[in-house]
Amino acid sequence: MENSNSYAKKYDKILIYVTIYTLTFFLFIKTLPYTIPFVMAFAIAAVVTPLVKKLLLWTKHKIHENLLILISLLTFYGILGTFITVIIIRLINQAVLLVSNSILYLNEHYDGIVSWVEAQYAWIASNIQSLDPSIIEAGSDMLGSFLASLQDVLVTVGKAIGGFTLDVLASLPNLLLIIIFTVVCSFFFTKKMVSNPEFIYAYLPTSNHQEHKVKDIITQGKNMILRYSGSYLLIIMITGVISIIGYLILGIPYALILGLITAFLDLLPVLGVSAAYLPLALYYFAQGNYTIPLGLGILWVVVAVGRNIWEPKILSTSLNINPVITIMAIFIGLKMAGILGMFFLIFMAVGFKVLQTVGVLDSFHQEPSTKKSP
């Protein structure tokens with residue numbers, strides 16, 4: 001009976017955690033449009049504060065603290081802003097050129113593409129003797145409909161990119177307001193963190209013992225989230241960098257944007273980088289270029305097979321979480337609600353591990369203690 005009660009308490013705690021975590025996560029996401037400058041300011045302050053402390057020690061406080069904080073933040077924003085601006089400009093330029101050249105190529109070679117695809121379909125259908133003629137006819141109609149809408153798809157993509165660019169330009173005033181509030185708030189947050197790193201605990205309604213436990217939870221959570229963020233960024237960077245280098249070696253244009261698209265598509269379950277490599281391979285194969293499709297096949301082996309090796313290892317090493325749990329969280333999360341669902345399950349697993357580490361939740365590796373009856 002006591003053994004059953006121990007298990008019941010264990011799973012009661014898990015249920016409470018899942019409920020509180022879910023409510024907190026979605027409350028944070030729903031309120032983020034209103035709190036984003038303050039969240040960003042707090043995060044940037046947390047990054048810059050250690051640097052400011054080291055500079056204060058190095059200068060032996062000869063430079064006023066406020067001036068040092070201001071210089072550090074302006075340097076950080078300058079480097080970050082320059083990097084983001086350069087990347088965005090290059091991405092927009094390559095995206096516009098890619099779509100416009102694709103539409104131009106399709107318009108010039110549309111009849112040839114249609115004839116080639118229809119010929120391949122007719123050859124396949126003629127070699128399947130047992131196939132019902134009605135199925136062949138239905139497939140032919142579907143193929144014709146797809147080819148007829150191919151041009152419209154590219155035009156729609158072009159309009160979407162143009163619309164996105166206009167939306168970005170229209171949102172510039174709001175973006176400028178967010179930047180101003182973020183910069184100002186990050187200064188005050190940094191100043192507060194330098195003078196009193198634990199100031200936030202003063203606002204928590206906790207006793208001294210509870211405050212110590214909360215500090216452990218926050219410290220462990222912060223460390224694990226930082227390790228996870230760095231690890232996943234590393235995984236995406238590996239895929240993107242390998243793809244960009246491969247595209248450059250093979251002489252494929254728009255290597256930067258294609259590399260970033262490939263890294264993003266690598267998040268997709270099942271398809272992964274194949275969603276980027278396969279269309280490119282088919283395009284160059286249809287052009288009579290067999291070297292690039294072969295090179296893309298080798299690149300696919302390197303990225304797809306390598307990803308299954310290094311991703312679980314990197315994530316499990318950085319988070320000390322079973323690789324199967326991370327893979328399940330990524331796959332189920334993406335299927336459930338896309339990128340948001342993936343982050344929801346990943347951070348749920350991280351939070352669960354943190355609470356196990358600090359002893360709030362019981363570990364599954366430890367059996368509940370039972371007392372022998374006298």
# chains A, B, ... in the order shown; residues from 1 in each chain; ligands from 1
>>> residues_around(residues="A:Gly251", least_positions_apart="4", cutoff="12 Å", atoms="only C-alpha atoms", output="list in words")
Ile244, Ile245, Gly246, Tyr247, Ala255, Tyr284, Asn289, Thr291, Ile292, Pro293, Gly295 and Leu296 of chain A
>>> write_last_selection(atoms="N, CA, C and O atoms", output="PDB file, in the first residue's frame")
ATOM      1  N   ILE A 244      26.243  24.852 -47.707  1.00  0.00           N
ATOM      2  CA  ILE A 244      26.756  26.026 -48.419  1.00  0.00           C
ATOM      3  C   ILE A 244      28.087  25.701 -49.097  1.00  0.00           C
ATOM      4  O   ILE A 244      28.317  26.034 -50.271  1.00  0.00           O
ATOM      5  N   ILE A 245      28.988  25.039 -48.352  1.00  0.00           N
ATOM      6  CA  ILE A 245      30.286  24.660 -48.933  1.00  0.00           C
ATOM      7  C   ILE A 245      30.079  23.708 -50.112  1.00  0.00           C
ATOM      8  O   ILE A 245      30.723  23.842 -51.167  1.00  0.00           O
ATOM      9  N   GLY A 246      29.163  22.748 -49.938  1.00  0.00           N
ATOM     10  CA  GLY A 246      28.885  21.819 -51.031  1.00  0.00           C
ATOM     11  C   GLY A 246      28.342  22.522 -52.259  1.00  0.00           C
ATOM     12  O   GLY A 246      28.758  22.230 -53.398  1.00  0.00           O
ATOM     13  N   TYR A 247      27.413  23.477 -52.052  1.00  0.00           N
ATOM     14  CA  TYR A 247      26.854  24.225 -53.184  1.00  0.00           C
ATOM     15  C   TYR A 247      27.938  25.040 -53.893  1.00  0.00           C
ATOM     16  O   TYR A 247      27.955  25.129 -55.126  1.00  0.00           O
ATOM     17  N   ALA A 255      24.139  30.066 -53.256  1.00  0.00           N
ATOM     18  CA  ALA A 255      24.573  29.085 -52.248  1.00  0.00           C
ATOM     19  C   ALA A 255      24.136  29.484 -50.843  1.00  0.00           C
ATOM     20  O   ALA A 255      23.760  28.617 -50.041  1.00  0.00           O
ATOM     21  N   TYR A 284      19.165  19.739 -62.402  1.00  0.00           N
ATOM     22  CA  TYR A 284      20.421  19.647 -63.148  1.00  0.00           C
ATOM     23  C   TYR A 284      20.487  18.376 -63.982  1.00  0.00           C
ATOM     24  O   TYR A 284      21.121  18.357 -65.050  1.00  0.00           O
ATOM     25  N   ASN A 289      23.260  17.700 -66.894  1.00  0.00           N
ATOM     26  CA  ASN A 289      24.430  17.803 -66.020  1.00  0.00           C
ATOM     27  C   ASN A 289      24.336  16.687 -64.983  1.00  0.00           C
ATOM     28  O   ASN A 289      23.493  16.721 -64.087  1.00  0.00           O
ATOM     29  N   THR A 291      27.066  15.618 -63.134  1.00  0.00           N
ATOM     30  CA  THR A 291      28.060  15.790 -62.070  1.00  0.00           C
ATOM     31  C   THR A 291      27.428  16.356 -60.812  1.00  0.00           C
ATOM     32  O   THR A 291      27.674  15.873 -59.701  1.00  0.00           O
ATOM     33  N   ILE A 292      26.585  17.395 -60.972  1.00  0.00           N
ATOM     34  CA  ILE A 292      25.968  18.039 -59.811  1.00  0.00           C
ATOM     35  C   ILE A 292      25.007  17.097 -59.086  1.00  0.00           C
ATOM     36  O   ILE A 292      25.046  17.014 -57.852  1.00  0.00           O
ATOM     37  N   PRO A 293      24.120  16.348 -59.785  1.00  0.00           N
ATOM     38  CA  PRO A 293      23.282  15.387 -59.062  1.00  0.00           C
ATOM     39  C   PRO A 293      24.095  14.358 -58.275  1.00  0.00           C
ATOM     40  O   PRO A 293      23.732  13.987 -57.154  1.00  0.00           O
ATOM     41  N   GLY A 295      27.133  14.865 -57.084  1.00  0.00           N
ATOM     42  CA  GLY A 295      27.683  15.597 -55.938  1.00  0.00           C
ATOM     43  C   GLY A 295      26.644  15.837 -54.854  1.00  0.00           C
ATOM     44  O   GLY A 295      26.950  15.744 -53.658  1.00  0.00           O
ATOM     45  N   LEU A 296      25.408  16.127 -55.263  1.00  0.00           N
ATOM     46  CA  LEU A 296      24.334  16.319 -54.282  1.00  0.00           C
ATOM     47  C   LEU A 296      24.013  15.012 -53.561  1.00  0.00           C
ATOM     48  O   LEU A 296      23.654  15.024 -52.378  1.00  0.00           O
TER      49      LEU A 296
END
>>> closest_residue(among="A:Thr22, A:Ser243, A:Gln356, A:Thr82", to="A:Val301", atoms="only C-alpha atoms")
A:Ser243
>>> residues_around(residues="stretch 92-99 of chain A", least_positions_apart="2", cutoff="7 Å", atoms="only C-alpha atoms", output="list of chain:residue names")
A:Ile88, A:Ile89, A:Arg90, A:Asn101, A:Ser102, A:Ile103, A:Gly158, A:Tyr254, A:Ile257
>>> write_last_selection(atoms="N, CA, C and O atoms", output="short mmCIF file (atom, residue, chain, number, x, y, z; two decimals), in the first residue's frame")
data_model
loop_
_atom_site.label_atom_id
_atom_site.label_comp_id
_atom_site.auth_asym_id
_atom_site.auth_seq_id
_atom_site.Cartn_x
_atom_site.Cartn_y
_atom_site.Cartn_z
N ILE A 88 20.42 39.67 -43.91
CA ILE A 88 19.07 39.90 -44.44
C ILE A 88 19.13 40.48 -45.85
O ILE A 88 18.39 40.06 -46.75
N ILE A 89 20.03 41.45 -46.06
CA ILE A 89 20.15 42.06 -47.40
C ILE A 89 20.56 41.03 -48.43
O ILE A 89 19.99 40.95 -49.54
N ARG A 90 21.55 40.19 -48.09
CA ARG A 90 22.01 39.17 -49.03
C ARG A 90 20.90 38.14 -49.28
O ARG A 90 20.72 37.68 -50.42
N ASN A 101 14.49 34.53 -61.63
CA ASN A 101 15.15 33.69 -62.64
C ASN A 101 14.39 32.38 -62.85
O ASN A 101 14.36 31.85 -63.97
N SER A 102 13.80 31.84 -61.77
CA SER A 102 13.02 30.60 -61.91
C SER A 102 11.78 30.84 -62.78
O SER A 102 11.45 30.01 -63.65
N ILE A 103 11.10 31.95 -62.53
CA ILE A 103 9.92 32.28 -63.34
C ILE A 103 10.32 32.51 -64.79
O ILE A 103 9.66 32.03 -65.73
N GLY A 158 6.69 34.32 -55.73
CA GLY A 158 7.26 35.64 -55.96
C GLY A 158 6.45 36.74 -55.31
O GLY A 158 7.00 37.66 -54.68
N TYR A 254 23.33 30.96 -55.77
CA TYR A 254 22.50 31.25 -54.60
C TYR A 254 22.83 30.30 -53.44
O TYR A 254 21.95 29.78 -52.75
N ILE A 257 21.46 31.40 -49.69
CA ILE A 257 20.04 31.21 -49.38
C ILE A 257 19.66 29.73 -49.47
O ILE A 257 18.87 29.23 -48.64
#
>>> residues_around(residues="A:Asn66", least_positions_apart="3", cutoff="12 Å", atoms="only C-alpha atoms", output="list in words")
Val52, Lys53, Leu56, His61, Lys62, Ile63, Ile69, Leu70, Ile71, Ser72, Leu73, Phe187, Phe188, Phe189, Thr190, Lys191, Lys192, Val194 and Ser195 of chain A
>>> closest_residue(among="A:Val303, A:Leu265, A:Leu361, A:Val184", to="A:Leu74", atoms="only C-alpha atoms")
A:Val184
>>> atom_distance(atom1="atom CA of A:Gln287", atom2="atom CA of A:His109")
11.2 Å
>>> atom_distance(atom1="atom CA of A:Ala281", atom2="atom CA of A:Pro253")
13.5 Å
